[in-house]
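Enquirer: Sharing a structure, written as structure tokens. Questions coming.
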Amino acid sequence: MEPTRNRSPQEIWEAALGELQIQVSKPNYRTWFGKTTGLDHRDNRFVIGVPNTFVAEYLDKNQRSLIEKALIGLTSPEVQVEFQVNGKHQHSGNGSKQQIQAIPEAAPPRTRLNPRYTFDNFIEGNGNRLARSASLAVAKNPGHTYNPLFIYGSAGLGKTHLLHAIGQAATANRINVICTSAEQFTNEFVTALREKTTEEFRNKYRSIGMLLIDDIHFIGGKEQTEESFFHTFNELHNTNRQIVITSDCHPKSMPLLEERLRSRFEWGLIVDIQPPDYETRLAILRSKARNNGVSLGENVLELIAREAPENIRVLEGSLNRVVAYAKLLGVTPDVDTATRALEDVASKEYLADDITPLSIIDAVADCFQMTRDEIIGRKRDKDTSLARRLAMYLIRQETNCSLEQIGRELGNRDAATVTSACKRIIGDIDENLYLKRKLRDVHRILHHKQKPRNAS
Ligand code: ADP
Ligand code: MG
């Protein structure tokens, strides 16, 4: 991806994430980068949104230089990273001296509408046709068609996208919109209770033209919040103001939801989003690639569409990963590069918790028909060395272990040995079909829970 085009902070950040994904281990990536966003990019300042101070602190201390490196190619060589937690700034330019405050007491701000989540950018397919047209109807004629509109479906299928698209269309029509997650709504309400500002809280919500609530399943069972939401709902609904709600399941399947709230949801229209079929996945990939200014061959796009699971967020991640991987290797992304990029990641998306250094060593030993002791031991013939390097590489990829820990697990070797082993695997895997096959076999064992032959 070329750095020059005018891209939004979020787009730049997503491209950076594509690279970071390759450089940090999967669990680390998920833990620390999973909920980050690109918030602002002005002059040389790039602001990254993080869910809490804990993450801000960790990223600031441990990943700052890696992040800046990833951003340099996409922004400018002088880029400075800042972290922002729930609207509060962490000016932490020069390292860790600064004390990062506890989780902010103030209510989180309302969610900003993501400018990329528009109807124009939303690809229609069999799985989302109904939800999309209901959303369009509501955006065109708020308060008068389906009220509330309740959209449900599993993660990564475009619920938030549609919600923001409605919000954007309404804002363009000068409707005062609040778009918030049920979690934020709850936090805000709890803060209002504590600070005795519930009246303001109510007024704020009473005065709006449209309420968009994301992930309502979050409030199930939180009685006071449900109560407050119930009243807000009624006030808005009685005056024909549009309410749109998303959830990961049908109201009927939310066991903790109060009955009267459930029945309110059924007043309007309830639509579901189904996972995208292959054609839709392909169309989405084409559009994302075009929007990001990357050109990928049709066969590469088809490969990604085939390999990725039925989750559009993961689909986008796969695309970014292929692009970043090719960039890292300095090649044009072709089917081969894409296969490799995805091989490392696709199978790990639903990674089991029981993957440990030992289970990896055992899986490798199994594939090479060796024993665990041989891999850990001192033998230096070609095959054993290769197996040992592969084990190091995989532990690095699949677990949170530090280089030192990995060295220790593999017979008290030092961190430098582990680093060079990982580098060699990355360097060799392209040419070495034998290694490629072994890697695939080990993955299969690890992720399909086949018991390694010599596990004890
Ligand atoms: P959910 O809220 O259902 O978990 P999101 O709305 O966050 O899912 O969607 C995940 C990602 O997939 C977002 O980046 C979104 O833009 C993208 N996406 C989802 N559906 C579509 C679609 N039909 N066309 C284009 N992009 C989509
Ligand atoms: Mg969502």
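Chain labels run A, B, ... following the order of the structure tokens; each chain numbers its residues from 1, and ligands are numbered from 1 in the order shown.
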Find the residues near segment 425-432 of chain A: any atom within 12 Å, counting only C-alpha atoms, skip ones fewer than 3 places away on the same chain, and give them as a PDB file with N, CA, C and O atoms, in the first residue's frame.
Expert:
```pdb
ATOM      1  N   ILE A  22       2.046  -9.604  12.127  1.00  0.00           N
ATOM      2  CA  ILE A  22       3.094 -10.549  11.756  1.00  0.00           C
ATOM      3  C   ILE A  22       4.211 -10.537  12.784  1.00  0.00           C
ATOM      4  O   ILE A  22       4.885 -11.525  13.018  1.00  0.00           O
ATOM      5  N   GLN A  23       4.398  -9.387  13.417  1.00  0.00           N
ATOM      6  CA  GLN A  23       5.580  -9.244  14.259  1.00  0.00           C
ATOM      7  C   GLN A  23       5.388  -9.599  15.722  1.00  0.00           C
ATOM      8  O   GLN A  23       6.362  -9.790  16.432  1.00  0.00           O
ATOM      9  N   TYR A 325       2.486  -9.006   4.487  1.00  0.00           N
ATOM     10  CA  TYR A 325       3.468 -10.077   4.374  1.00  0.00           C
ATOM     11  C   TYR A 325       4.299  -9.906   3.105  1.00  0.00           C
ATOM     12  O   TYR A 325       5.514  -9.972   3.119  1.00  0.00           O
ATOM     13  N   LEU A 328       6.602  -7.017   3.445  1.00  0.00           N
ATOM     14  CA  LEU A 328       7.734  -7.358   4.300  1.00  0.00           C
ATOM     15  C   LEU A 328       8.792  -8.128   3.518  1.00  0.00           C
ATOM     16  O   LEU A 328       9.992  -7.947   3.704  1.00  0.00           O
ATOM     17  N   LEU A 329       8.335  -8.996   2.632  1.00  0.00           N
ATOM     18  CA  LEU A 329       9.276  -9.788   1.842  1.00  0.00           C
ATOM     19  C   LEU A 329       9.707  -9.054   0.579  1.00  0.00           C
ATOM     20  O   LEU A 329      10.531  -9.544  -0.178  1.00  0.00           O
ATOM     21  N   ASP A 336       1.257 -17.835  -3.961  1.00  0.00           N
ATOM     22  CA  ASP A 336       2.205 -18.482  -3.054  1.00  0.00           C
ATOM     23  C   ASP A 336       2.395 -17.692  -1.756  1.00  0.00           C
ATOM     24  O   ASP A 336       2.318 -18.252  -0.667  1.00  0.00           O
ATOM     25  N   THR A 337       2.673 -16.413  -1.925  1.00  0.00           N
ATOM     26  CA  THR A 337       2.851 -15.557  -0.750  1.00  0.00           C
ATOM     27  C   THR A 337       1.588 -15.578   0.099  1.00  0.00           C
ATOM     28  O   THR A 337       1.639 -15.670   1.320  1.00  0.00           O
ATOM     29  N   ALA A 338       0.462 -15.478  -0.571  1.00  0.00           N
ATOM     30  CA  ALA A 338      -0.807 -15.441   0.153  1.00  0.00           C
ATOM     31  C   ALA A 338      -1.019 -16.734   0.929  1.00  0.00           C
ATOM     32  O   ALA A 338      -1.420 -16.718   2.085  1.00  0.00           O
ATOM     33  N   THR A 339      -0.700 -17.843   0.290  1.00  0.00           N
ATOM     34  CA  THR A 339      -0.861 -19.123   0.979  1.00  0.00           C
ATOM     35  C   THR A 339      -0.037 -19.140   2.247  1.00  0.00           C
ATOM     36  O   THR A 339      -0.504 -19.525   3.311  1.00  0.00           O
ATOM     37  N   ARG A 340       1.182 -18.676   2.124  1.00  0.00           N
ATOM     38  CA  ARG A 340       2.064 -18.679   3.296  1.00  0.00           C
ATOM     39  C   ARG A 340       1.558 -17.742   4.373  1.00  0.00           C
ATOM     40  O   ARG A 340       1.539 -18.064   5.550  1.00  0.00           O
ATOM     41  N   ALA A 341       1.172 -16.562   3.941  1.00  0.00           N
ATOM     42  CA  ALA A 341       0.696 -15.581   4.922  1.00  0.00           C
ATOM     43  C   ALA A 341      -0.504 -16.129   5.680  1.00  0.00           C
ATOM     44  O   ALA A 341      -0.627 -15.952   6.881  1.00  0.00           O
ATOM     45  N   GLU A 343      -1.427 -19.371   5.906  1.00  0.00           N
ATOM     46  CA  GLU A 343      -1.101 -20.614   6.581  1.00  0.00           C
ATOM     47  C   GLU A 343      -0.743 -20.343   8.035  1.00  0.00           C
ATOM     48  O   GLU A 343      -1.151 -21.028   8.945  1.00  0.00           O
ATOM     49  N   ASP A 344       0.006 -19.287   8.228  1.00  0.00           N
ATOM     50  CA  ASP A 344       0.437 -18.967   9.572  1.00  0.00           C
ATOM     51  C   ASP A 344      -0.694 -18.489  10.451  1.00  0.00           C
ATOM     52  O   ASP A 344      -0.618 -18.577  11.650  1.00  0.00           O
ATOM     53  N   SER A 385      18.123 -30.469  14.032  1.00  0.00           N
ATOM     54  CA  SER A 385      18.272 -29.010  14.130  1.00  0.00           C
ATOM     55  C   SER A 385      17.076 -28.300  13.513  1.00  0.00           C
ATOM     56  O   SER A 385      16.579 -27.313  14.056  1.00  0.00           O
ATOM     57  N   LEU A 386      16.631 -28.839  12.389  1.00  0.00           N
ATOM     58  CA  LEU A 386      15.489 -28.211  11.730  1.00  0.00           C
ATOM     59  C   LEU A 386      14.244 -28.306  12.613  1.00  0.00           C
ATOM     60  O   LEU A 386      13.520 -27.326  12.804  1.00  0.00           O
ATOM     61  N   ALA A 387      14.033 -29.468  13.170  1.00  0.00           N
ATOM     62  CA  ALA A 387      12.863 -29.665  14.036  1.00  0.00           C
ATOM     63  C   ALA A 387      12.930 -28.703  15.231  1.00  0.00           C
ATOM     64  O   ALA A 387      11.930 -28.093  15.621  1.00  0.00           O
ATOM     65  N   ARG A 388      14.118 -28.553  15.765  1.00  0.00           N
ATOM     66  CA  ARG A 388      14.289 -27.681  16.926  1.00  0.00           C
ATOM     67  C   ARG A 388      13.989 -26.225  16.543  1.00  0.00           C
ATOM     68  O   ARG A 388      13.288 -25.515  17.254  1.00  0.00           O
ATOM     69  N   ARG A 389      14.495 -25.824  15.398  1.00  0.00           N
ATOM     70  CA  ARG A 389      14.222 -24.452  14.940  1.00  0.00           C
ATOM     71  C   ARG A 389      12.728 -24.236  14.720  1.00  0.00           C
ATOM     72  O   ARG A 389      12.172 -23.212  15.095  1.00  0.00           O
ATOM     73  N   LEU A 390      12.097 -25.247  14.131  1.00  0.00           N
ATOM     74  CA  LEU A 390      10.671 -25.112  13.871  1.00  0.00           C
ATOM     75  C   LEU A 390       9.897 -24.995  15.189  1.00  0.00           C
ATOM     76  O   LEU A 390       8.960 -24.205  15.319  1.00  0.00           O
ATOM     77  N   ALA A 391      10.314 -25.765  16.171  1.00  0.00           N
ATOM     78  CA  ALA A 391       9.642 -25.694  17.477  1.00  0.00           C
ATOM     79  C   ALA A 391       9.789 -24.299  18.066  1.00  0.00           C
ATOM     80  O   ALA A 391       8.826 -23.715  18.574  1.00  0.00           O
ATOM     81  N   MET A 392      10.984 -23.744  17.977  1.00  0.00           N
ATOM     82  CA  MET A 392      11.200 -22.390  18.504  1.00  0.00           C
ATOM     83  C   MET A 392      10.302 -21.388  17.794  1.00  0.00           C
ATOM     84  O   MET A 392       9.635 -20.560  18.402  1.00  0.00           O
ATOM     85  N   TYR A 393      10.300 -21.497  16.491  1.00  0.00           N
ATOM     86  CA  TYR A 393       9.503 -20.575  15.682  1.00  0.00           C
ATOM     87  C   TYR A 393       8.021 -20.661  16.051  1.00  0.00           C
ATOM     88  O   TYR A 393       7.340 -19.662  16.246  1.00  0.00           O
ATOM     89  N   LEU A 394       7.549 -21.894  16.195  1.00  0.00           N
ATOM     90  CA  LEU A 394       6.123 -22.063  16.485  1.00  0.00           C
ATOM     91  C   LEU A 394       5.760 -21.596  17.887  1.00  0.00           C
ATOM     92  O   LEU A 394       4.683 -21.046  18.108  1.00  0.00           O
ATOM     93  N   ARG A 396       7.166 -19.227  19.427  1.00  0.00           N
ATOM     94  CA  ARG A 396       7.148 -17.768  19.309  1.00  0.00           C
ATOM     95  C   ARG A 396       5.827 -17.287  18.712  1.00  0.00           C
ATOM     96  O   ARG A 396       5.231 -16.318  19.139  1.00  0.00           O
ATOM     97  N   GLN A 397       5.371 -18.028  17.693  1.00  0.00           N
ATOM     98  CA  GLN A 397       4.152 -17.631  17.002  1.00  0.00           C
ATOM     99  C   GLN A 397       2.892 -17.888  17.815  1.00  0.00           C
ATOM    100  O   GLN A 397       1.937 -17.146  17.739  1.00  0.00           O
ATOM    101  N   VAL A 418      17.372 -18.472  19.701  1.00  0.00           N
ATOM    102  CA  VAL A 418      15.961 -18.541  19.330  1.00  0.00           C
ATOM    103  C   VAL A 418      15.664 -17.548  18.197  1.00  0.00           C
ATOM    104  O   VAL A 418      15.016 -17.886  17.207  1.00  0.00           O
ATOM    105  N   THR A 419      16.174 -16.333  18.350  1.00  0.00           N
ATOM    106  CA  THR A 419      15.956 -15.339  17.301  1.00  0.00           C
ATOM    107  C   THR A 419      16.470 -15.833  15.965  1.00  0.00           C
ATOM    108  O   THR A 419      15.784 -15.753  14.939  1.00  0.00           O
ATOM    109  N   SER A 420      17.663 -16.366  15.968  1.00  0.00           N
ATOM    110  CA  SER A 420      18.216 -16.747  14.672  1.00  0.00           C
ATOM    111  C   SER A 420      17.479 -17.959  14.114  1.00  0.00           C
ATOM    112  O   SER A 420      17.299 -18.077  12.907  1.00  0.00           O
ATOM    113  N   ALA A 421      17.001 -18.821  14.998  1.00  0.00           N
ATOM    114  CA  ALA A 421      16.201 -19.963  14.528  1.00  0.00           C
ATOM    115  C   ALA A 421      14.927 -19.466  13.838  1.00  0.00           C
ATOM    116  O   ALA A 421      14.568 -19.932  12.752  1.00  0.00           O
ATOM    117  N   CYS A 422      14.261 -18.500  14.475  1.00  0.00           N
ATOM    118  CA  CYS A 422      13.005 -17.986  13.887  1.00  0.00           C
ATOM    119  C   CYS A 422      13.282 -17.350  12.535  1.00  0.00           C
ATOM    120  O   CYS A 422      12.551 -17.556  11.564  1.00  0.00           O
ATOM    121  N   LEU A 435      10.042 -28.496   4.686  1.00  0.00           N
ATOM    122  CA  LEU A 435       9.725 -27.715   5.880  1.00  0.00           C
ATOM    123  C   LEU A 435       8.267 -27.242   5.854  1.00  0.00           C
ATOM    124  O   LEU A 435       7.552 -27.286   6.852  1.00  0.00           O
ATOM    125  N   LYS A 436       7.859 -26.803   4.689  1.00  0.00           N
ATOM    126  CA  LYS A 436       6.489 -26.328   4.521  1.00  0.00           C
ATOM    127  C   LYS A 436       5.492 -27.397   4.925  1.00  0.00           C
ATOM    128  O   LYS A 436       4.512 -27.149   5.613  1.00  0.00           O
ATOM    129  N   ARG A 437       5.785 -28.619   4.454  1.00  0.00           N
ATOM    130  CA  ARG A 437       4.864 -29.719   4.745  1.00  0.00           C
ATOM    131  C   ARG A 437       4.850 -30.030   6.239  1.00  0.00           C
ATOM    132  O   ARG A 437       3.813 -30.246   6.847  1.00  0.00           O
ATOM    133  N   LYS A 438       6.051 -29.987   6.821  1.00  0.00           N
ATOM    134  CA  LYS A 438       6.137 -30.258   8.266  1.00  0.00           C
ATOM    135  C   LYS A 438       5.340 -29.216   9.046  1.00  0.00           C
ATOM    136  O   LYS A 438       4.625 -29.529   9.991  1.00  0.00           O
ATOM    137  N   LEU A 439       5.498 -27.979   8.636  1.00  0.00           N
ATOM    138  CA  LEU A 439       4.782 -26.900   9.324  1.00  0.00           C
ATOM    139  C   LEU A 439       3.274 -27.149   9.262  1.00  0.00           C
ATOM    140  O   LEU A 439       2.557 -27.028  10.256  1.00  0.00           O
ATOM    141  N   ARG A 440       2.835 -27.531   8.073  1.00  0.00           N
ATOM    142  CA  ARG A 440       1.404 -27.792   7.924  1.00  0.00           C
ATOM    143  C   ARG A 440       0.969 -28.956   8.815  1.00  0.00           C
ATOM    144  O   ARG A 440      -0.064 -28.910   9.464  1.00  0.00           O
TER     145      ARG A 440
END
```
Enquirer: Can you pull out every residue within 12 Å of Asn62 of chain A, counting only C-alpha atoms, but drop anything in the same chain fewer than 4 positions away, and send it as a compact mmCIF listing (two decimals) with C-alpha atoms, in the first residue's frame?
Expert:
```txt
# COMPACT_ATOMS: atom_id res chain seq x y z
CA VAL A 24 3.98 -10.07 17.56
CA ASN A 28 -0.16 -10.93 22.29
CA TRP A 32 -2.97 -5.76 23.24
CA VAL A 55 -3.37 -1.50 27.57
CA ALA A 56 -2.07 2.05 27.11
CA GLU A 57 0.62 1.44 29.66
CA TYR A 58 1.66 -1.86 28.20
CA LEU A 66 7.44 -1.43 17.01
CA ILE A 67 4.28 0.60 16.51
CA GLU A 68 6.19 3.63 15.34
CA GLY A 95 8.96 6.64 27.59
CA SER A 96 7.51 5.29 30.71
```
Enquirer: For atom CA of Leu74 of chain A and atom CA of Leu296 of chain A, determine how far apart the two atoms are, in Å to one decimal place.
Expert: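 Atom-to-atom, atom CA of Leu74 of chain A and atom CA of Leu296 of chain A are spaced 18.9 Å apart.
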Enquirer: Measure the distance from atom CA of Pro333 of chain A to atom 7 (O, counted along the ligand's line) of ligand 1 in Å and round it to one decimal.
Expert: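 About the pair atom CA of Pro333 of chain A and atom 7 (O, counted along the ligand's line) of ligand 1: they are 26.2 Å apart.
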Enquirer: Distance limit 8 Å, reference ligand 2, atoms considered: only C-alpha atoms and all ligand atoms. Which residues make the cut? Give them as a list in words.
Expert: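 The neighbouring residues of ligand 2 are, in order, Ala155, Gly156, Gly158, Lys159, Thr160, His161, Asp214, Asp215 and Thr246 of chain A.
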Enquirer: Could you tell me which of A:Ala134, A:Ala363, A:Cys249, A:Val314 comes closest to ligand 1 if we count only C-alpha atoms and all ligand atoms?
Expert: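 Using only C-alpha atoms and all ligand atoms, the shortest distance to ligand 1 belongs to A:Val314.
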Enquirer: Go through segment 200-243 of chain A and collect every residue that DSSP, computed from the backbone, puts in strand (DSSP E or B); the answer should be as a ChimeraX atom specification.
Expert: /A:210-214,242-243
Enquirer: Ligand 1: which residues are within 7 Å, counting only C-alpha atoms and all ligand atoms, as a PyMOL selection string?
Expert: chain A and resi 116-117+121-125+128+153-162+284+312-313+316
Enquirer: For segment 69-71 of chain A, list every protein, DNA or RNA residue within 12 Å, evaluated using only C-alpha atoms, and leave out those in the same chain fewer than 5 positions away; present the list as a PyMOL selection string.
Expert: chain A and resi 3+9-24+38+41+44-48+63-64+76-81+324+327-328
Enquirer: Just the residues within 8 Å of Ile304 of chain A, please, counting only C-alpha atoms, with nothing from its chain fewer than 5 positions along; format it as a ChimeraX atom specification.
Expert: /A:315,318-319,338,342
Enquirer: Quote the spacing between atom CA of Pro357 of chain A and atom CA of Cys401 of chain A in Å to one decimal place.
Expert: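 So the answer is 8.2 Å.
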Enquirer: Which one of A:Val177, A:Ile151, A:Ala283, A:Val190 sits closest to Val244 of chain A if you count only C-alpha atoms?
Expert: A:Ile151
Enquirer: Which residues of segment 249-272 of chain A have any atom within 12 Å of an atom in segment 136-146 of chain A when counting only C-alpha atoms, and what is the closest pair of atoms for each, with the distance in Å to one decimal? Order the rows by chain and rising number and write it as JSON lines.
Expert:
```
{"residue": "A:Phe265", "atom": "CA", "partner": "A:Tyr146", "partner_atom": "CA", "distance": 10.7}
{"residue": "A:Glu266", "atom": "CA", "partner": "A:Tyr146", "partner_atom": "CA", "distance": 10.4}
{"residue": "A:Trp267", "atom": "CA", "partner": "A:Tyr146", "partner_atom": "CA", "distance": 8.5}
{"residue": "A:Gly268", "atom": "CA", "partner": "A:Tyr146", "partner_atom": "CA", "distance": 5.1}
{"residue": "A:Leu269", "atom": "CA", "partner": "A:Tyr146", "partner_atom": "CA", "distance": 5.6}
{"residue": "A:Ile270", "atom": "CA", "partner": "A:Tyr146", "partner_atom": "CA", "distance": 9.0}
{"residue": "A:Val271", "atom": "CA", "partner": "A:Tyr146", "partner_atom": "CA", "distance": 10.8}
```
Enquirer: Considering only C-alpha atoms, state which residue in the set A:Ala415, A:Met210, A:Leu256, A:Ile216 is at the smallest distance from Asn240 of chain A.
Expert: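 Checking each of A:Ala415, A:Met210, A:Leu256, A:Ile216 against Asn240 of chain A, counting only C-alpha atoms, the winner is A:Met210.
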Enquirer: Name the closest residue to Asp277 of chain A among the candidates A:Glu310, A:Asp248, A:Glu302, A:Asp40; distances are taken between atoms, counting only C-alpha atoms.
Expert: A:Glu310
Enquirer: For a quick check of understanding, using only C-alpha atoms, which of A:Phe233, A:Glu199, A:Val335, A:Tyr29 has the smallest distance to Asn299 of chain A?
Expert: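 Of all the options, A:Val335 lies closest to Asn299 of chain A.
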